[in-house]
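Student: I am attaching a structure below and will ask some questions about it afterwards.
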Amino acid sequence: MAFCGVNYCLLASDKRVTFRNNTDHIEVDDSFEKIFKVNNNVIFGGTGSFWGNEDVYEPIKSRMNDRLSIVDAVQMTEQFMYDNLVYVSLMKRDYFITGKDEDDIYYLVRVSLNEEERSVQTISYVPKDLKQTT
C-alpha cells in the first residue's frame with residue numbers, strides 16, 4: 001500500500017515475497033523486507049517476484065544511505081528496468097519511491113513494466129491541493 005499526502009508519505013506491506021531459486025523453482029519467504037528508508041527524504045519499496053539473491057533495492061543499491069534525491073532514485077530505477085528489460089519481464093515487479101523533494105513537496109512514484117509496449121512506465125502522484133495541511 002502506498003499513500004502520499006500534503007505533508008506525509010507512507011509505504012506499507014507484508015513480508016511475503018516469491019522468488020526463483022538457483023534451480024529455477026519458485027519459493028515463498030514470509031520474512032522478506034520490501035521497504036527501505038534510504039535517507040530522511042526518500043523511502044524505496046518493491047513488490048512482485050525477485051531472484052533469490054536479489055535485493056529489492058537493487059536499482060539504487062550503489063547509492064543507499066547516500067544523499068540520494070527522489071528524482072535520482074526514480075531515474076536509477078527506470079535505468080535499471082531498461083537495462084534489465086528481459087529479466088524484469090520474467091520476474092514481474094513494481095517499485096515505489098516516495099518522499100519529499102528539495103522544495104518539501106511530497107511525491108509517490110511507481111515504476112513498473114508496461115507489458116504491452118515492453119517499456120518502462122513511470123507514474124507520479126502528488127497531492128492535488130498543496131495548501132491543504134490535513
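Simple scheme: letters A, B, ... for chains in C-alpha cells order, numbers from 1 for residues in each chain, numbers from 1 for ligands in the order shown.
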I need the strand (DSSP E or B) residues of segment 13-134 of chain A per DSSP on the backbone, written as a VMD selection string.
Tutor: chain A and resid 17 to 20 26 to 29 35 to 37 42 to 51 93 to 100 106 to 114 119 to 125
Student: Taking only C-alpha atoms into account, produce a table as a tab-separated table in which each residue of segment 5-86 of chain A with an atom at most 12 Å from an atom of segment 114-129 of chain A appears once, together with its shortest atom pair and the distance in Å to one decimal, ordered by chain and rising number.
Tutor:
```
residue	atom	partner	partner_atom	distance
A:Gly5	CA	A:Pro127	CA	5.6
A:Val6	CA	A:Pro127	CA	5.6
A:Asn7	CA	A:Pro127	CA	9.2
A:Tyr8	CA	A:Pro127	CA	10.0
A:Cys9	CA	A:Val126	CA	10.1
A:Ile70	CA	A:Ser124	CA	11.2
A:Val71	CA	A:Ser124	CA	10.9
A:Val74	CA	A:Thr122	CA	8.5
A:Gln75	CA	A:Thr122	CA	9.8
A:Thr77	CA	A:Val120	CA	9.7
A:Glu78	CA	A:Val120	CA	6.7
A:Gln79	CA	A:Val120	CA	9.0
A:Phe80	CA	A:Val120	CA	9.8
A:Met81	CA	A:Val120	CA	6.6
A:Tyr82	CA	A:Val120	CA	6.7
A:Asp83	CA	A:Val120	CA	10.4
A:Asn84	CA	A:Val120	CA	10.5
A:Leu85	CA	A:Ser119	CA	7.6
A:Val86	CA	A:Arg118	CA	8.9
```
Student: Got time to write the residues from that selection, N, CA, C and O atoms, as an mmCIF file, in the first residue's frame?
Tutor:
```cif
data_model
loop_
_atom_site.group_PDB
_atom_site.id
_atom_site.type_symbol
_atom_site.label_atom_id
_atom_site.label_comp_id
_atom_site.auth_asym_id
_atom_site.auth_seq_id
_atom_site.Cartn_x
_atom_site.Cartn_y
_atom_site.Cartn_z
ATOM 1 N N GLY A 5 0.347 12.237 1.033
ATOM 2 C CA GLY A 5 -0.447 13.393 1.408
ATOM 3 C C GLY A 5 0.374 14.656 1.268
ATOM 4 O O GLY A 5 1.519 14.634 0.809
ATOM 5 N N VAL A 6 -0.195 15.754 1.673
ATOM 6 C CA VAL A 6 0.485 17.042 1.559
ATOM 7 C C VAL A 6 1.748 17.076 2.416
ATOM 8 O O VAL A 6 2.770 17.634 2.013
ATOM 9 N N ASN A 7 1.693 16.447 3.592
ATOM 10 C CA ASN A 7 2.845 16.517 4.482
ATOM 11 C C ASN A 7 3.292 15.149 4.999
ATOM 12 O O ASN A 7 3.848 15.031 6.080
ATOM 13 N N TYR A 8 3.035 14.114 4.217
ATOM 14 C CA TYR A 8 3.492 12.776 4.597
ATOM 15 C C TYR A 8 3.459 11.831 3.396
ATOM 16 O O TYR A 8 2.769 12.084 2.410
ATOM 17 N N CYS A 9 4.197 10.754 3.514
ATOM 18 C CA CYS A 9 4.143 9.636 2.584
ATOM 19 C C CYS A 9 4.171 8.372 3.420
ATOM 20 O O CYS A 9 4.758 8.337 4.502
ATOM 21 N N ILE A 70 14.784 12.010 -4.490
ATOM 22 C CA ILE A 70 13.702 11.216 -5.060
ATOM 23 C C ILE A 70 13.820 11.158 -6.586
ATOM 24 O O ILE A 70 13.599 10.122 -7.199
ATOM 25 N N VAL A 71 14.252 12.252 -7.195
ATOM 26 C CA VAL A 71 14.446 12.295 -8.657
ATOM 27 C C VAL A 71 15.551 11.324 -9.062
ATOM 28 O O VAL A 71 15.402 10.551 -10.021
ATOM 29 N N VAL A 74 14.304 7.690 -8.789
ATOM 30 C CA VAL A 74 13.409 7.339 -9.894
ATOM 31 C C VAL A 74 14.220 7.092 -11.167
ATOM 32 O O VAL A 74 14.013 6.090 -11.867
ATOM 33 N N GLN A 75 15.151 7.977 -11.476
ATOM 34 C CA GLN A 75 15.971 7.813 -12.688
ATOM 35 C C GLN A 75 16.793 6.532 -12.640
ATOM 36 O O GLN A 75 16.881 5.808 -13.638
ATOM 37 N N THR A 77 16.071 3.814 -10.989
ATOM 38 C CA THR A 77 15.152 2.679 -11.084
ATOM 39 C C THR A 77 14.682 2.483 -12.520
ATOM 40 O O THR A 77 14.637 1.354 -13.022
ATOM 41 N N GLU A 78 14.368 3.579 -13.199
ATOM 42 C CA GLU A 78 13.997 3.487 -14.616
ATOM 43 C C GLU A 78 15.139 2.884 -15.426
ATOM 44 O O GLU A 78 14.916 1.998 -16.256
ATOM 45 N N GLN A 79 16.357 3.342 -15.186
ATOM 46 C CA GLN A 79 17.511 2.833 -15.930
ATOM 47 C C GLN A 79 17.729 1.345 -15.652
ATOM 48 O O GLN A 79 18.005 0.569 -16.565
ATOM 49 N N PHE A 80 17.584 0.947 -14.400
ATOM 50 C CA PHE A 80 17.700 -0.466 -14.041
ATOM 51 C C PHE A 80 16.668 -1.292 -14.805
ATOM 52 O O PHE A 80 16.985 -2.355 -15.335
ATOM 53 N N MET A 81 15.442 -0.805 -14.862
ATOM 54 C CA MET A 81 14.388 -1.531 -15.569
ATOM 55 C C MET A 81 14.704 -1.648 -17.061
ATOM 56 O O MET A 81 14.557 -2.722 -17.644
ATOM 57 N N TYR A 82 15.151 -0.561 -17.680
ATOM 58 C CA TYR A 82 15.510 -0.599 -19.105
ATOM 59 C C TYR A 82 16.699 -1.522 -19.353
ATOM 60 O O TYR A 82 16.700 -2.297 -20.303
ATOM 61 N N ASP A 83 17.707 -1.448 -18.491
ATOM 62 C CA ASP A 83 18.906 -2.277 -18.662
ATOM 63 C C ASP A 83 18.603 -3.759 -18.486
ATOM 64 O O ASP A 83 19.352 -4.605 -18.981
ATOM 65 N N ASN A 84 17.552 -4.079 -17.772
ATOM 66 C CA ASN A 84 17.214 -5.464 -17.449
ATOM 67 C C ASN A 84 15.801 -5.823 -17.917
ATOM 68 O O ASN A 84 15.106 -6.582 -17.258
ATOM 69 N N LEU A 85 15.396 -5.297 -19.053
ATOM 70 C CA LEU A 85 14.024 -5.439 -19.528
ATOM 71 C C LEU A 85 13.600 -6.895 -19.685
ATOM 72 O O LEU A 85 12.503 -7.272 -19.256
ATOM 73 N N VAL A 86 14.430 -7.731 -20.255
ATOM 74 C CA VAL A 86 14.076 -9.136 -20.439
ATOM 75 C C VAL A 86 13.933 -9.811 -19.082
ATOM 76 O O VAL A 86 12.954 -10.516 -18.810
#
```
Student: Between A:Ser31, A:Ser62, A:Asn41, A:Asn53, which has the minimum distance to Val17 of chain A (counting only C-alpha atoms)?
Tutor: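 The closest residue to Val17 of chain A is A:Ser31.
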Student: What's the separation between atom CA of Met76 of chain A and atom CA of Thr18 of chain A, in Å to one decimal place?
Tutor: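 About the pair atom CA of Met76 of chain A and atom CA of Thr18 of chain A: they are 23.5 Å apart.
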Student: Would you pick out the contacts of Tyr57 of chain A at 12 Å or less, using only C-alpha atoms, so that residues sharing its chain but fewer than 5 positions from it are not included, and give the list as an NGL selection string?
Tutor: :A and (33-38 or 43-47 or 50 or 62-65 or 73-74 or 76-77 or 80 or 93-97)
Student: Could you tell me how far atom CA of Leu11 of chain A lies from atom CA of Lys100 of chain A, in Å and to one decimal?
Tutor: 13.5 Å
Student: Kindly give the distance, in Å, that separates atom CA of Asp30 of chain A and atom CA of Ser49 of chain A, rounded to a single decimal.
Tutor: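 About the pair atom CA of Asp30 of chain A and atom CA of Ser49 of chain A: they are 13.0 Å apart.
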Student: Residues near Ile26 of chain A, anyone? I mean within 12 Å using only C-alpha atoms, not counting same-chain ones fewer than 2 positions away, as a list in words.
Tutor: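 Everything that qualifies: Val17, Thr18, Phe19, Arg20, Asn21, Asn22, Thr23, Asp24, Val28, Asp29, Ser49, Phe50, Trp51, Gly52 and Met91 of chain A.
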Student: Could you pull out the helix (DSSP H, G or I) residues of segment 9-123 of chain A, going by DSSP on the backbone, and write them as a PDB file with N, CA and C atoms, in the first residue's frame?
Tutor:
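part-v1.pdb, written as the output of this step:
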```
ATOM      1  N   GLU A  58      17.871  -3.173  -5.364  1.00  0.00           N
ATOM      2  CA  GLU A  58      18.954  -3.339  -6.351  1.00  0.00           C
ATOM      3  C   GLU A  58      19.122  -2.121  -7.273  1.00  0.00           C
ATOM      4  N   PRO A  59      18.040  -1.499  -7.760  1.00  0.00           N
ATOM      5  CA  PRO A  59      18.214  -0.355  -8.670  1.00  0.00           C
ATOM      6  C   PRO A  59      18.992   0.817  -8.072  1.00  0.00           C
ATOM      7  N   ILE A  60      18.939   0.967  -6.752  1.00  0.00           N
ATOM      8  CA  ILE A  60      19.613   2.108  -6.122  1.00  0.00           C
ATOM      9  C   ILE A  60      20.693   1.662  -5.143  1.00  0.00           C
ATOM     10  N   LYS A  61      21.051   0.404  -5.190  1.00  0.00           N
ATOM     11  CA  LYS A  61      21.976  -0.196  -4.221  1.00  0.00           C
ATOM     12  C   LYS A  61      23.289   0.576  -4.096  1.00  0.00           C
ATOM     13  N   SER A  62      23.797   1.062  -5.194  1.00  0.00           N
ATOM     14  CA  SER A  62      25.084   1.769  -5.165  1.00  0.00           C
ATOM     15  C   SER A  62      25.004   3.107  -4.439  1.00  0.00           C
ATOM     16  N   ARG A  63      23.794   3.592  -4.194  1.00  0.00           N
ATOM     17  CA  ARG A  63      23.632   4.904  -3.546  1.00  0.00           C
ATOM     18  C   ARG A  63      22.828   4.836  -2.250  1.00  0.00           C
ATOM     19  N   ILE A  70      14.784  12.010  -4.490  1.00  0.00           N
ATOM     20  CA  ILE A  70      13.702  11.216  -5.060  1.00  0.00           C
ATOM     21  C   ILE A  70      13.820  11.158  -6.586  1.00  0.00           C
ATOM     22  N   VAL A  71      14.252  12.252  -7.195  1.00  0.00           N
ATOM     23  CA  VAL A  71      14.446  12.295  -8.657  1.00  0.00           C
ATOM     24  C   VAL A  71      15.551  11.324  -9.062  1.00  0.00           C
ATOM     25  N   ASP A  72      16.656  11.319  -8.335  1.00  0.00           N
ATOM     26  CA  ASP A  72      17.761  10.397  -8.629  1.00  0.00           C
ATOM     27  C   ASP A  72      17.302   8.942  -8.491  1.00  0.00           C
ATOM     28  N   ALA A  73      16.558   8.649  -7.428  1.00  0.00           N
ATOM     29  CA  ALA A  73      16.096   7.281  -7.195  1.00  0.00           C
ATOM     30  C   ALA A  73      15.177   6.810  -8.326  1.00  0.00           C
ATOM     31  N   VAL A  74      14.304   7.690  -8.789  1.00  0.00           N
ATOM     32  CA  VAL A  74      13.409   7.339  -9.894  1.00  0.00           C
ATOM     33  C   VAL A  74      14.220   7.092 -11.167  1.00  0.00           C
ATOM     34  N   GLN A  75      15.151   7.977 -11.476  1.00  0.00           N
ATOM     35  CA  GLN A  75      15.971   7.813 -12.688  1.00  0.00           C
ATOM     36  C   GLN A  75      16.793   6.532 -12.640  1.00  0.00           C
ATOM     37  N   MET A  76      17.368   6.214 -11.491  1.00  0.00           N
ATOM     38  CA  MET A  76      18.163   4.995 -11.363  1.00  0.00           C
ATOM     39  C   MET A  76      17.281   3.755 -11.517  1.00  0.00           C
ATOM     40  N   THR A  77      16.071   3.814 -10.989  1.00  0.00           N
ATOM     41  CA  THR A  77      15.152   2.679 -11.084  1.00  0.00           C
ATOM     42  C   THR A  77      14.682   2.483 -12.520  1.00  0.00           C
ATOM     43  N   GLU A  78      14.368   3.579 -13.199  1.00  0.00           N
ATOM     44  CA  GLU A  78      13.997   3.487 -14.616  1.00  0.00           C
ATOM     45  C   GLU A  78      15.139   2.884 -15.426  1.00  0.00           C
ATOM     46  N   GLN A  79      16.357   3.342 -15.186  1.00  0.00           N
ATOM     47  CA  GLN A  79      17.511   2.833 -15.930  1.00  0.00           C
ATOM     48  C   GLN A  79      17.729   1.345 -15.652  1.00  0.00           C
ATOM     49  N   PHE A  80      17.584   0.947 -14.400  1.00  0.00           N
ATOM     50  CA  PHE A  80      17.700  -0.466 -14.041  1.00  0.00           C
ATOM     51  C   PHE A  80      16.668  -1.292 -14.805  1.00  0.00           C
ATOM     52  N   MET A  81      15.442  -0.805 -14.862  1.00  0.00           N
ATOM     53  CA  MET A  81      14.388  -1.531 -15.569  1.00  0.00           C
ATOM     54  C   MET A  81      14.704  -1.648 -17.061  1.00  0.00           C
ATOM     55  N   TYR A  82      15.151  -0.561 -17.680  1.00  0.00           N
ATOM     56  CA  TYR A  82      15.510  -0.599 -19.105  1.00  0.00           C
ATOM     57  C   TYR A  82      16.699  -1.522 -19.353  1.00  0.00           C
ATOM     58  N   ASP A  83      17.707  -1.448 -18.491  1.00  0.00           N
ATOM     59  CA  ASP A  83      18.906  -2.277 -18.662  1.00  0.00           C
ATOM     60  C   ASP A  83      18.603  -3.759 -18.486  1.00  0.00           C
ATOM     61  N   LEU A  85      15.396  -5.297 -19.053  1.00  0.00           N
ATOM     62  CA  LEU A  85      14.024  -5.439 -19.528  1.00  0.00           C
ATOM     63  C   LEU A  85      13.600  -6.895 -19.685  1.00  0.00           C
ATOM     64  N   VAL A  86      14.430  -7.731 -20.255  1.00  0.00           N
ATOM     65  CA  VAL A  86      14.076  -9.136 -20.439  1.00  0.00           C
ATOM     66  C   VAL A  86      13.933  -9.811 -19.082  1.00  0.00           C
ATOM     67  N   TYR A  87      14.884  -9.578 -18.227  1.00  0.00           N
ATOM     68  CA  TYR A  87      14.905 -10.146 -16.885  1.00  0.00           C
ATOM     69  C   TYR A  87      13.677  -9.698 -16.092  1.00  0.00           C
ATOM     70  N   VAL A  88      13.349  -8.414 -16.146  1.00  0.00           N
ATOM     71  CA  VAL A  88      12.200  -7.867 -15.424  1.00  0.00           C
ATOM     72  C   VAL A  88      10.891  -8.378 -16.030  1.00  0.00           C
ATOM     73  N   SER A  89      10.885  -8.690 -17.311  1.00  0.00           N
ATOM     74  CA  SER A  89       9.692  -9.263 -17.942  1.00  0.00           C
ATOM     75  C   SER A  89       9.385 -10.643 -17.369  1.00  0.00           C
ATOM     76  N   LEU A  90      10.421 -11.386 -17.026  1.00  0.00           N
ATOM     77  CA  LEU A  90      10.247 -12.710 -16.431  1.00  0.00           C
ATOM     78  C   LEU A  90       9.832 -12.619 -14.969  1.00  0.00           C
TER      79      LEU A  90
END
```
